[in-house]
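**Q** Dropping in coords_39.csv, with CSV, C-alpha atoms.
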```csv
chain,number,residue,atom,x,y,z
D,548,MET,CA,125.1,131.6,111.1
D,549,SER,CA,121.7,132.1,112.8
D,550,ASP,CA,119.9,132.0,109.4
D,551,THR,CA,121.7,129.0,108.1
D,552,ALA,CA,121.1,126.7,111.1
D,553,PRO,CA,117.3,127.0,111.0
D,554,ASN,CA,117.3,126.5,107.3
D,555,GLY,CA,119.4,123.4,107.7
D,556,ARG,CA,116.9,122.1,110.3
D,557,VAL,CA,114.0,122.8,108.1
D,558,ARG,CA,115.6,120.9,105.2
D,559,THR,CA,116.3,118.0,107.5
D,560,TRP,CA,112.7,117.9,108.7
D,561,ALA,CA,111.4,118.2,105.2
D,562,SER,CA,113.6,115.4,104.0
D,563,ALA,CA,112.4,113.2,107.0
D,564,ILE,CA,108.8,114.0,106.2
D,565,ARG,CA,109.2,113.1,102.5
D,566,THR,CA,110.9,109.8,103.4
D,567,ALA,CA,108.1,109.0,105.9
D,568,ALA,CA,105.5,109.8,103.3
D,569,ARG,CA,107.1,107.6,100.6
D,570,GLN,CA,107.3,104.7,103.1
D,571,ALA,CA,103.7,105.2,104.1
D,572,THR,CA,102.4,105.3,100.5
D,573,THR,CA,104.2,102.4,98.8
D,574,PRO,CA,102.0,100.1,96.7
D,575,ALA,CA,102.3,97.3,99.3
D,576,ARG,CA,101.4,99.6,102.1
D,577,LEU,CA,98.4,101.1,100.3
D,578,LEU,CA,97.2,97.5,99.5
D,579,LEU,CA,97.4,96.7,103.2
D,580,VAL,CA,95.5,99.8,104.1
D,581,ALA,CA,92.7,98.9,101.7
D,582,LYS,CA,92.5,95.2,102.9
D,583,THR,CA,92.5,96.3,106.5
D,584,ALA,CA,89.6,98.7,106.0
D,585,LEU,CA,87.7,96.0,104.0
D,586,ALA,CA,88.3,93.3,106.6
D,587,VAL,CA,87.2,95.6,109.5
D,588,GLY,CA,84.1,96.6,107.5
D,589,ILE,CA,83.1,93.0,106.8
D,590,ALA,CA,83.7,92.0,110.4
D,591,TRP,CA,81.5,94.8,111.7
D,592,LEU,CA,78.7,93.7,109.3
D,593,VAL,CA,79.0,90.0,110.3
D,594,ALA,CA,79.4,90.5,114.1
D,595,PRO,CA,75.7,91.5,114.9
D,596,HIS,CA,74.5,88.3,113.3
D,597,MET,CA,76.3,85.9,115.6
D,598,PRO,CA,74.1,83.6,117.6
D,599,GLY,CA,73.4,83.8,121.4
D,600,VAL,CA,75.2,86.0,123.9
D,601,VAL,CA,78.0,86.4,121.4
D,602,ASN,CA,75.8,88.8,119.6
D,603,ASP,CA,76.1,91.2,122.6
D,604,TYR,CA,79.8,91.9,121.9
D,605,PRO,CA,80.1,92.8,118.2
D,606,TYR,CA,82.8,95.4,118.7
D,607,TYR,CA,85.5,92.7,119.2
D,608,ALA,CA,85.1,91.3,115.6
D,609,PRO,CA,86.6,94.4,114.0
D,610,LEU,CA,89.4,94.3,116.6
D,611,GLY,CA,90.1,90.7,115.5
D,612,ALA,CA,90.2,91.7,111.9
D,613,LEU,CA,92.6,94.5,112.6
D,614,ILE,CA,94.9,92.3,114.6
D,615,SER,CA,95.1,89.7,111.9
D,616,MET,CA,96.2,92.1,109.1
D,617,TYR,CA,99.9,91.8,108.4
D,618,PRO,CA,101.9,92.5,105.2
D,619,THR,CA,102.5,88.8,104.8
D,620,LEU,CA,100.1,85.8,104.9
D,621,MET,CA,102.2,83.9,107.3
D,622,GLY,CA,102.5,86.9,109.5
D,623,SER,CA,98.7,87.2,109.5
D,624,VAL,CA,98.3,83.6,110.4
D,625,ARG,CA,100.8,83.8,113.3
D,626,SER,CA,99.4,87.0,114.6
D,627,GLY,CA,95.8,85.8,114.5
D,628,LEU,CA,96.5,82.4,116.2
D,629,GLN,CA,98.8,83.9,118.8
D,630,THR,CA,96.3,86.5,119.7
D,631,ILE,CA,93.5,83.9,120.1
D,632,LEU,CA,95.9,81.9,122.3
D,633,GLY,CA,96.8,85.0,124.4
D,634,LEU,CA,93.1,85.8,124.8
D,635,ALA,CA,92.3,82.2,125.9
D,636,ALA,CA,95.1,82.2,128.4
D,637,GLY,CA,94.0,85.5,129.9
D,638,ILE,CA,90.4,84.4,130.0
D,639,GLY,CA,91.5,81.2,131.7
D,640,LEU,CA,93.4,83.1,134.4
D,641,ALA,CA,90.4,85.3,135.0
D,642,THR,CA,88.1,82.3,135.2
D,643,LEU,CA,90.3,80.8,138.0
D,644,VAL,CA,89.9,84.0,140.0
D,645,ILE,CA,86.1,84.1,139.5
D,646,LEU,CA,85.8,80.4,140.5
D,647,THR,CA,87.9,80.9,143.7
D,648,VAL,CA,88.3,84.2,145.5
D,649,GLY,CA,86.4,86.4,143.1
D,650,PRO,CA,87.4,89.8,141.8
D,651,THR,CA,88.7,91.9,144.7
D,652,TRP,CA,91.0,94.9,145.3
D,653,TRP,CA,93.9,92.5,145.6
D,654,SER,CA,93.0,89.6,143.3
D,655,ILE,CA,92.6,91.7,140.2
D,656,PRO,CA,96.1,93.2,140.3
D,657,ALA,CA,97.5,89.8,141.4
D,658,VAL,CA,96.0,88.0,138.3
D,659,VAL,CA,97.2,90.8,136.0
D,660,GLY,CA,100.7,90.4,137.4
D,661,VAL,CA,100.5,86.6,136.9
D,662,ALA,CA,99.3,87.3,133.3
D,663,VAL,CA,102.2,89.6,132.6
D,664,LEU,CA,104.5,87.0,133.9
D,665,VAL,CA,102.9,84.3,131.8
D,666,SER,CA,103.0,86.5,128.7
D,667,GLY,CA,106.8,86.8,129.0
D,668,THR,CA,107.3,83.0,128.4
D,669,GLY,CA,107.6,83.6,124.6
D,670,TRP,CA,104.7,81.2,123.9
D,671,PHE,CA,102.3,83.9,122.7
D,672,GLY,CA,104.3,86.0,120.3
D,673,ALA,CA,102.2,88.9,119.0
D,674,GLY,CA,99.4,87.9,121.4
D,675,ARG,CA,101.5,88.3,124.6
D,676,GLU,CA,99.9,91.7,125.3
D,677,TYR,CA,96.4,90.2,125.2
D,678,VAL,CA,97.0,87.8,128.1
D,679,PRO,CA,96.9,90.5,130.9
D,680,MET,CA,94.4,92.6,128.8
D,681,ALA,CA,91.9,89.7,128.5
D,682,ALA,CA,92.3,88.8,132.2
D,683,LEU,CA,91.6,92.5,133.2
D,684,PHE,CA,88.7,93.0,130.8
D,685,VAL,CA,87.0,89.8,132.0
D,686,LEU,CA,87.3,90.7,135.6
D,687,ILE,CA,86.4,94.4,135.3
D,688,ILE,CA,84.1,94.7,132.3
D,689,GLY,CA,82.6,91.2,132.4
D,690,GLY,CA,81.4,91.6,136.0
D,691,GLN,CA,78.5,89.4,136.9
D,692,LYS,CA,78.3,88.2,133.3
D,693,ALA,CA,82.0,87.2,133.0
D,694,ASP,CA,81.2,83.9,131.4
D,695,ASP,CA,79.1,85.5,128.7
D,696,TYR,CA,81.6,88.2,128.2
D,697,SER,CA,84.5,85.8,127.9
D,698,LEU,CA,82.6,83.7,125.3
D,699,GLY,CA,81.7,86.8,123.3
D,700,TYR,CA,85.1,88.3,123.6
D,701,LEU,CA,86.9,85.2,122.4
D,702,VAL,CA,84.4,84.2,119.6
D,703,GLN,CA,83.9,87.6,118.1
D,704,THR,CA,87.7,88.2,118.1
D,705,GLY,CA,88.1,84.8,116.4
D,706,VAL,CA,85.5,85.7,113.8
D,707,GLY,CA,87.3,88.9,113.1
D,708,VAL,CA,90.6,87.1,112.8
D,709,ALA,CA,89.1,84.6,110.4
D,710,ILE,CA,87.6,87.4,108.2
D,711,GLY,CA,91.0,89.1,108.2
D,712,LEU,CA,92.8,85.9,107.1
D,713,LEU,CA,90.2,85.3,104.4
D,714,VAL,CA,90.6,88.8,103.0
D,715,ASN,CA,94.4,88.4,103.1
D,716,VAL,CA,94.2,85.1,101.2
D,717,LEU,CA,91.7,86.3,98.6
D,718,ILE,CA,93.7,89.5,98.0
D,719,ALA,CA,97.1,88.1,98.5
D,720,PRO,CA,100.0,90.5,99.0
D,721,ALA,CA,102.8,90.5,96.4
D,722,PRO,CA,105.9,88.6,97.6
D,723,LEU,CA,108.7,90.9,98.8
D,724,THR,CA,111.4,89.0,96.9
D,725,ALA,CA,112.0,91.8,94.4
D,726,GLN,CA,112.4,94.4,97.1
D,727,ALA,CA,114.8,92.2,99.0
D,728,SER,CA,116.9,91.5,95.9
D,729,ALA,CA,117.0,95.2,95.2
D,730,ARG,CA,118.3,95.9,98.8
D,731,VAL,CA,121.0,93.3,98.2
D,732,ASP,CA,122.0,95.0,94.9
D,733,ALA,CA,122.0,98.4,96.5
D,734,PHE,CA,124.3,97.1,99.3
D,735,ARG,CA,126.6,95.7,96.7
D,736,ALA,CA,126.7,99.1,95.0
D,737,GLN,CA,127.3,100.8,98.4
D,738,LEU,CA,130.3,98.6,99.1
D,739,SER,CA,131.7,99.4,95.6
D,740,ALA,CA,131.3,103.1,96.2
D,741,HIS,CA,132.9,102.8,99.6
D,742,LEU,CA,135.9,101.0,98.1
D,743,ARG,CA,136.2,103.7,95.4
D,744,ASP,CA,136.2,106.5,98.0
D,745,ILE,CA,139.0,104.7,99.9
D,746,GLY,CA,141.0,104.5,96.7
D,747,ASP,CA,140.4,108.2,96.1
D,748,ALA,CA,141.5,109.1,99.6
D,749,VAL,CA,144.7,107.2,99.4
D,750,SER,CA,146.0,109.1,96.4
D,751,ALA,CA,144.6,112.5,97.3
D,752,ALA,CA,146.2,115.2,99.4
D,753,TRP,CA,146.0,114.3,103.1
D,754,PRO,CA,143.8,114.9,104.9
D,755,PRO,CA,141.3,114.4,102.0
D,756,GLU,CA,138.4,116.8,101.5
D,757,ARG,CA,135.8,113.9,101.6
D,758,ASP,CA,135.8,112.0,104.9
D,759,GLN,CA,132.3,110.6,104.9
D,760,TRP,CA,133.6,107.1,103.9
D,761,ALA,CA,135.5,106.9,107.1
D,762,SER,CA,132.5,107.7,109.3
D,763,ASP,CA,130.2,105.5,107.2
D,764,ALA,CA,132.4,102.4,107.8
D,765,ALA,CA,130.7,101.6,111.2
D,766,SER,CA,127.2,101.8,109.6
D,767,LEU,CA,127.9,98.8,107.3
D,768,ALA,CA,127.2,96.3,110.1
D,769,ASP,CA,123.8,98.0,110.7
D,770,THR,CA,123.0,97.9,107.0
D,771,THR,CA,123.7,94.1,106.9
D,772,ARG,CA,121.4,93.5,109.8
D,773,GLU,CA,118.6,95.6,108.2
D,774,ILE,CA,119.0,93.6,104.9
D,775,ARG,CA,118.9,90.3,106.6
D,776,VAL,CA,115.6,91.3,108.3
D,777,ALA,CA,114.3,92.3,104.8
D,778,LEU,CA,115.4,88.9,103.5
D,779,MET,CA,113.6,87.0,106.3
D,780,GLU,CA,110.4,89.1,105.6
D,781,ALA,CA,110.7,88.2,101.9
D,782,ASP,CA,111.0,84.5,102.7
D,783,ASP,CA,108.0,84.9,105.0
D,784,SER,CA,106.0,86.7,102.3
D,785,ARG,CA,106.3,83.7,99.9
D,786,ARG,CA,105.1,81.0,102.4
D,787,GLY,CA,101.6,80.0,101.5
D,788,ASN,CA,101.2,82.9,99.1
D,789,PRO,CA,99.2,82.0,96.0
D,790,ARG,CA,101.0,84.8,94.0
D,791,ALA,CA,104.4,83.2,94.9
D,792,LEU,CA,103.2,79.8,93.9
D,793,LEU,CA,102.3,81.1,90.4
D,794,ARG,CA,105.8,82.2,89.8
D,795,ARG,CA,107.7,79.3,88.4
D,796,ALA,CA,111.0,81.0,88.0
D,797,ARG,CA,113.7,80.0,90.5
D,798,PRO,CA,114.5,83.0,92.7
D,799,ARG,CA,118.0,84.2,93.1
D,800,ASP,CA,119.9,82.7,96.0
D,801,VAL,CA,120.0,86.1,97.7
D,802,TRP,CA,121.0,84.6,101.1
D,803,ALA,CA,124.2,83.2,99.6
D,804,GLU,CA,124.9,86.6,98.0
D,805,MET,CA,124.2,88.3,101.3
D,806,ASP,CA,126.5,86.0,103.2
D,807,ALA,CA,129.3,86.9,100.7
D,808,LEU,CA,128.5,90.6,100.9
D,809,ASP,CA,128.4,90.5,104.7
D,810,THR,CA,132.0,89.1,104.7
D,811,ILE,CA,133.0,91.6,102.1
D,812,ALA,CA,131.7,94.4,104.3
D,813,HIS,CA,133.9,93.2,107.1
D,814,HIS,CA,136.9,93.4,104.8
D,815,VAL,CA,135.9,96.9,103.5
D,816,ARG,CA,135.5,98.1,107.0
D,817,ASP,CA,138.9,96.9,108.1
D,818,ILE,CA,140.5,98.6,105.0
D,819,SER,CA,138.6,101.8,105.8
D,820,VAL,CA,139.7,101.9,109.5
D,821,ALA,CA,143.3,101.1,108.7
D,822,ILE,CA,143.6,103.8,106.0
D,823,ALA,CA,141.7,106.3,108.1
D,824,ASP,CA,144.1,105.7,111.0
D,825,THR,CA,147.0,106.3,108.7
D,826,ILE,CA,145.6,109.4,107.1
D,827,TRP,CA,144.6,111.1,110.3
D,828,ASN,CA,147.6,109.8,112.3
D,829,ARG,CA,145.5,108.1,114.9
D,830,PRO,CA,147.1,106.0,117.7
D,831,ALA,CA,146.8,102.8,115.7
D,832,ALA,CA,148.3,104.3,112.6
D,833,LEU,CA,150.9,102.5,110.5
D,834,GLU,CA,153.0,104.2,107.9
D,835,LEU,CA,152.0,103.8,104.3
D,836,ASP,CA,155.0,103.1,102.0
D,837,PRO,CA,155.3,106.0,99.5
D,838,ALA,CA,155.4,103.5,96.6
D,839,LEU,CA,152.0,102.0,97.5
D,840,PRO,CA,149.4,104.8,97.1
D,841,GLU,CA,149.2,104.5,93.3
D,842,PRO,CA,148.9,100.7,93.0
D,843,LEU,CA,146.6,100.6,96.1
D,844,THR,CA,144.3,103.2,94.5
D,845,ALA,CA,144.2,101.2,91.3
D,846,ALA,CA,143.4,98.0,93.1
D,847,CYS,CA,140.6,99.6,95.1
D,848,HIS,CA,139.1,101.1,92.0
D,849,ALA,CA,139.4,97.9,90.0
D,850,VAL,CA,137.8,95.8,92.7
D,851,ALA,CA,135.1,98.4,93.2
D,852,ASP,CA,134.3,98.2,89.5
D,853,ALA,CA,134.1,94.4,89.7
D,854,LEU,CA,131.8,94.2,92.7
D,855,PRO,CA,128.6,95.4,91.1
D,856,VAL,CA,128.6,92.8,88.4
D,857,GLY,CA,128.2,90.1,91.1
D,858,THR,CA,127.9,86.6,89.6
D,859,GLU,CA,127.2,87.8,86.0
D,860,ASP,CA,128.7,85.6,83.3
D,861,SER,CA,128.9,88.3,80.6
D,862,ALA,CA,132.0,89.2,78.7
D,863,GLU,CA,132.1,92.6,80.4
D,864,ALA,CA,131.8,91.0,83.8
D,865,HIS,CA,134.7,88.7,83.0
D,866,ARG,CA,136.8,91.7,81.8
D,867,LEU,CA,136.1,93.7,85.0
D,868,ARG,CA,137.0,90.7,87.2
D,869,ALA,CA,140.2,90.1,85.2
D,870,GLU,CA,141.3,93.7,85.5
D,871,ALA,CA,140.6,93.6,89.2
D,872,ALA,CA,142.6,90.4,89.6
D,873,ARG,CA,145.5,92.0,87.7
D,874,ALA,CA,145.4,95.2,89.8
D,875,VAL,CA,145.5,93.2,93.0
D,876,ARG,CA,148.3,91.1,91.7
D,877,GLN,CA,150.3,94.2,90.8
D,878,LEU,CA,149.7,95.6,94.3
D,879,LEU,CA,151.0,92.4,95.9
D,880,GLU,CA,154.0,92.4,93.7
D,881,THR,CA,154.8,96.0,94.6
D,882,ILE,CA,154.4,95.1,98.3
D,883,ASP,CA,156.8,92.1,97.9
D,884,ASP,CA,159.4,94.3,96.2
D,885,ARG,CA,159.1,97.0,98.8
D,886,THR,CA,159.3,94.4,101.7
D,887,LEU,CA,162.7,93.2,100.3
D,888,GLU,CA,164.0,96.7,99.8
D,889,ALA,CA,162.8,98.3,103.0
D,890,ARG,CA,163.0,95.2,105.2
D,891,ARG,CA,159.6,96.0,106.6
D,892,SER,CA,156.2,94.3,105.9
D,893,MET,CA,153.9,95.9,108.4
D,894,GLY,CA,151.6,98.7,107.1
D,895,PRO,CA,148.1,99.5,105.8
D,896,GLY,CA,149.1,98.6,102.3
D,897,VAL,CA,149.8,94.9,103.2
D,898,LEU,CA,146.5,94.7,105.2
D,899,SER,CA,144.5,96.3,102.4
D,900,ALA,CA,146.1,94.0,99.7
D,901,MET,CA,145.1,90.9,101.8
D,902,HIS,CA,141.5,92.2,102.2
D,903,LEU,CA,141.2,93.2,98.5
D,904,ARG,CA,142.3,89.8,97.4
D,905,ARG,CA,139.8,88.2,99.7
D,906,ILE,CA,137.0,90.5,98.4
D,907,LEU,CA,137.8,89.6,94.9
D,908,MET,CA,137.6,85.9,95.7
D,909,LEU,CA,134.2,86.4,97.3
D,910,ALA,CA,132.9,88.6,94.5
D,911,ARG,CA,133.6,86.3,91.6
D,912,PRO,CA,131.6,83.2,90.7
D,913,GLU,CA,134.5,80.9,89.8
D,914,PRO,CA,137.3,79.7,92.1
D,915,ALA,CA,139.7,82.5,92.9
D,916,ASP,CA,142.8,80.7,91.4
D,917,ALA,CA,141.0,80.0,88.1
D,918,GLU,CA,142.2,82.6,85.6
```
What's the structure tokens form of this structure?

**A**
Amino acid sequence: MSDTAPNGRVRTWASAIRTAARQATTPARLLLVAKTALAVGIAWLVAPHMPGVVNDYPYYAPLGALISMYPTLMGSVRSGLQTILGLAAGIGLATLVILTVGPTWWSIPAVVGVAVLVSGTGWFGAGREYVPMAALFVLIIGGQKADDYSLGYLVQTGVGVAIGLLVNVLIAPAPLTAQASARVDAFRAQLSAHLRDIGDAVSAAWPPERDQWASDAASLADTTREIRVALMEADDSRRGNPRALLRRARPRDVWAEMDALDTIAHHVRDISVAIADTIWNRPAALELDPALPEPLTAACHAVADALPVGTEDSAEAHRLRAEAARAVRQLLETIDDRTLEARRSMGPGVLSAMHLRRILMLARPEPADAE
């Protein structure tokens, strides 16, 4: 036992390190690394050649370039503009202090507090942290030359932001559409596998050896949220992106697919919870009619087979959807017969049949009653 536990922890850590390494070295991430280094280098070369007092504060240009580098063009534009706005607000607050009471033991923390309050308005986005930072820097570092420092700070940061945006435009990142579509396809496959596991559990000896499907049901909602974030990032990556404008092909309507899969996930989760309650005899358990495991398993497997084909219009896709519709119909007919014989309709079989029918309607491209 003592040897196994450390080995398990080592494997877990190794797996986590490999996952982190893969995420950090994706082509998109490596491109961002190269562009960030290039933008910072160019900013540092340009900064000393700025005219006037701005030339005294060249170190803020690389900071501006770093701030503006985001994986998407629109993200870079937003971050850069919001940072400049945040700096301007902080400098403005510091200027009010300088023109009135001056920097003292109480005015500096007071203006920083006001700056933190202002940054919470939601107006500054990614630049909200620079409102109190700029106010503090101007009052403490600027000192007697606060006006020169403020000008240098703002202009050099703006130069760096402009350089970062220029680099991001000239070396445009690839749109994230393909990655987002792959996430949607993977989620469709995950729902299919989940349904198949439920079907296996229904017809296996109770309690089944595999119970991961029951514990994974709650994670489906988290997965849908993560994919929606990925879809929003993909949309953002196409806006103003020259590489996206060159692609004439009409992208998949992944948002419509995701809406359907989100609803399907709710149905799958309800089936999973109801079956798990019955299998492990939980307080909410309802008895499963002995005649239903076989047709329920067949329906779960058939719908699971039809899910991955999505909206394909091939002969194989039509065959899988037809078989799924037939299996669900047979399950409903069995339930109707057993309801008349046993004079009872409540049970996980009825609930599962309703959800499976709804899943099939959402998964097929034509109206559900067209056959």

**Q** Work out how far atom CA of D:Thr858 is from atom CA of D:Val749, in Å to one decimal.

**A**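 So the two atoms, atom CA of D:Val749 and atom CA of D:Thr858, lie 28.3 Å apart.
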
**Q** Might you pull out every residue within 12 Å of D:Cys847, with all atoms listed in the file counted and same-chain residues fewer than 6 positions away left off, and present them as a short mmCIF file (atom, residue, chain, number, x, y, z; two decimals) with C-alpha atoms, in the coordinates of the input?

**A**
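What follows is the written file around37.cif:
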```
data_model
loop_
_atom_site.label_atom_id
_atom_site.label_comp_id
_atom_site.auth_asym_id
_atom_site.auth_seq_id
_atom_site.Cartn_x
_atom_site.Cartn_y
_atom_site.Cartn_z
CA LEU D 738 130.30 98.60 99.10
CA SER D 739 131.70 99.40 95.60
CA ALA D 740 131.30 103.10 96.20
CA HIS D 741 132.90 102.80 99.60
CA LEU D 742 135.90 101.00 98.10
CA ARG D 743 136.20 103.70 95.40
CA ASP D 744 136.20 106.50 98.00
CA ILE D 745 139.00 104.70 99.90
CA GLY D 746 141.00 104.50 96.70
CA ASP D 747 140.40 108.20 96.10
CA ALA D 748 141.50 109.10 99.60
CA VAL D 749 144.70 107.20 99.40
CA SER D 750 146.00 109.10 96.40
CA VAL D 815 135.90 96.90 103.50
CA ILE D 818 140.50 98.60 105.00
CA SER D 819 138.60 101.80 105.80
CA LEU D 839 152.00 102.00 97.50
CA PRO D 840 149.40 104.80 97.10
CA GLU D 841 149.20 104.50 93.30
CA ALA D 853 134.10 94.40 89.70
CA LEU D 854 131.80 94.20 92.70
CA GLU D 870 141.30 93.70 85.50
CA ALA D 871 140.60 93.60 89.20
CA ALA D 872 142.60 90.40 89.60
CA ARG D 873 145.50 92.00 87.70
CA ALA D 874 145.40 95.20 89.80
CA VAL D 875 145.50 93.20 93.00
CA ARG D 876 148.30 91.10 91.70
CA GLN D 877 150.30 94.20 90.80
CA LEU D 878 149.70 95.60 94.30
CA GLY D 896 149.10 98.60 102.30
CA SER D 899 144.50 96.30 102.40
CA ALA D 900 146.10 94.00 99.70
CA MET D 901 145.10 90.90 101.80
CA HIS D 902 141.50 92.20 102.20
CA LEU D 903 141.20 93.20 98.50
CA ARG D 904 142.30 89.80 97.40
CA ILE D 906 137.00 90.50 98.40
CA LEU D 907 137.80 89.60 94.90
#
```

**Q** Quote the spacing between atom CA of D:Ser762 and atom CA of D:Ile826 in Å to one decimal place.

**A**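 Here the two named atoms are 13.4 Å from each other.
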
**Q** Of the residues D:Ala791, D:Val601, D:Leu643, D:Ile882, which is the one nearest to D:Ala721, using all atoms listed in the file?

**A**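 Among the listed residues, the smallest separation from D:Ala721 belongs to D:Ala791.
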
**Q** Taking into account all atoms listed in the file, which residue in the set D:Asp732, D:Glu773, D:Asp824, D:Asp806 is nearest to D:Gly857?

**A**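 Ranked by minimum distance to D:Gly857, first place goes to D:Asp732.
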
**Q** Within 8 Å of stretch 587-599 of chain D, counting all atoms listed in the file, which residues show up once you throw out same-chain ones fewer than 4 positions away? Write them as number ranges by chain, please.

**A** D: 583, 603-606, 608-610, 612-613, 703, 706-707, 710-711

**Q** Please, what distance in Å, to one decimal, runs between atom CA of D:Leu713 and atom CA of D:Arg775?

**A**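 Between atom CA of D:Leu713 and atom CA of D:Arg775 the gap is 29.2 Å.
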
**Q** Hey, which of D:Ala765, D:Ala657, D:Met805, D:Ile614 ends up closest to D:Ala586? Count all atoms listed in the file.

**A**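 Counting all atoms listed in the file, the residue closest to D:Ala586 is D:Ile614.
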
**Q** Looking at D:Ala641, D:Ala662, D:Met779, D:Ala729, which one is nearest to D:Val685, with distances taken over only C-alpha atoms?

**A** D:Ala641

**Q** Show me, as a ChimeraX atom specification, the residues that have an atom within 8 Å of D:Arg816 when counting only C-alpha atoms, minus same-chain residues fewer than 4 positions from it.

**A** /D:764-765,767,812,820

**Q** Got a moment to write stretch 734-746 of chain D out with N, CA and C atoms, as an mmCIF file, in the first residue's frame?

**A**
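Saved the output as result32.cif:
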```
data_model
loop_
_atom_site.group_PDB
_atom_site.id
_atom_site.type_symbol
_atom_site.label_atom_id
_atom_site.label_comp_id
_atom_site.auth_asym_id
_atom_site.auth_seq_id
_atom_site.Cartn_x
_atom_site.Cartn_y
_atom_site.Cartn_z
ATOM 1 N N PHE D 734 -17.014 16.792 -27.780
ATOM 2 C CA PHE D 734 -18.108 16.770 -26.804
ATOM 3 C C PHE D 734 -19.241 15.876 -27.295
ATOM 4 N N ARG D 735 -19.505 15.917 -28.590
ATOM 5 C CA ARG D 735 -20.527 15.032 -29.160
ATOM 6 C C ARG D 735 -20.128 13.573 -28.930
ATOM 7 N N ALA D 736 -18.848 13.258 -29.152
ATOM 8 C CA ALA D 736 -18.364 11.895 -28.923
ATOM 9 C C ALA D 736 -18.432 11.524 -27.447
ATOM 10 N N GLN D 737 -18.166 12.499 -26.566
ATOM 11 C CA GLN D 737 -18.246 12.242 -25.127
ATOM 12 C C GLN D 737 -19.670 11.903 -24.706
ATOM 13 N N LEU D 738 -20.644 12.637 -25.221
ATOM 14 C CA LEU D 738 -22.047 12.349 -24.906
ATOM 15 C C LEU D 738 -22.436 10.969 -25.427
ATOM 16 N N SER D 739 -21.948 10.616 -26.612
ATOM 17 C CA SER D 739 -22.230 9.299 -27.175
ATOM 18 C C SER D 739 -21.672 8.203 -26.276
ATOM 19 N N ALA D 740 -20.417 8.366 -25.853
ATOM 20 C CA ALA D 740 -19.802 7.362 -24.977
ATOM 21 C C ALA D 740 -20.539 7.269 -23.648
ATOM 22 N N HIS D 741 -21.009 8.384 -23.144
ATOM 23 C CA HIS D 741 -21.749 8.392 -21.882
ATOM 24 C C HIS D 741 -23.050 7.600 -22.013
ATOM 25 N N LEU D 742 -23.756 7.833 -23.112
ATOM 26 C CA LEU D 742 -25.000 7.086 -23.342
ATOM 27 C C LEU D 742 -24.730 5.590 -23.466
ATOM 28 N N ARG D 743 -23.660 5.227 -24.156
ATOM 29 C CA ARG D 743 -23.317 3.808 -24.311
ATOM 30 C C ARG D 743 -22.996 3.184 -22.955
ATOM 31 N N ASP D 744 -22.277 3.900 -22.099
ATOM 32 C CA ASP D 744 -21.975 3.382 -20.765
ATOM 33 C C ASP D 744 -23.243 3.180 -19.943
ATOM 34 N N ILE D 745 -24.189 4.089 -20.093
ATOM 35 C CA ILE D 745 -25.466 3.930 -19.386
ATOM 36 C C ILE D 745 -26.171 2.668 -19.865
ATOM 37 N N GLY D 746 -26.196 2.474 -21.198
ATOM 38 C CA GLY D 746 -26.818 1.265 -21.735
ATOM 39 C C GLY D 746 -26.146 0.002 -21.234
#
```
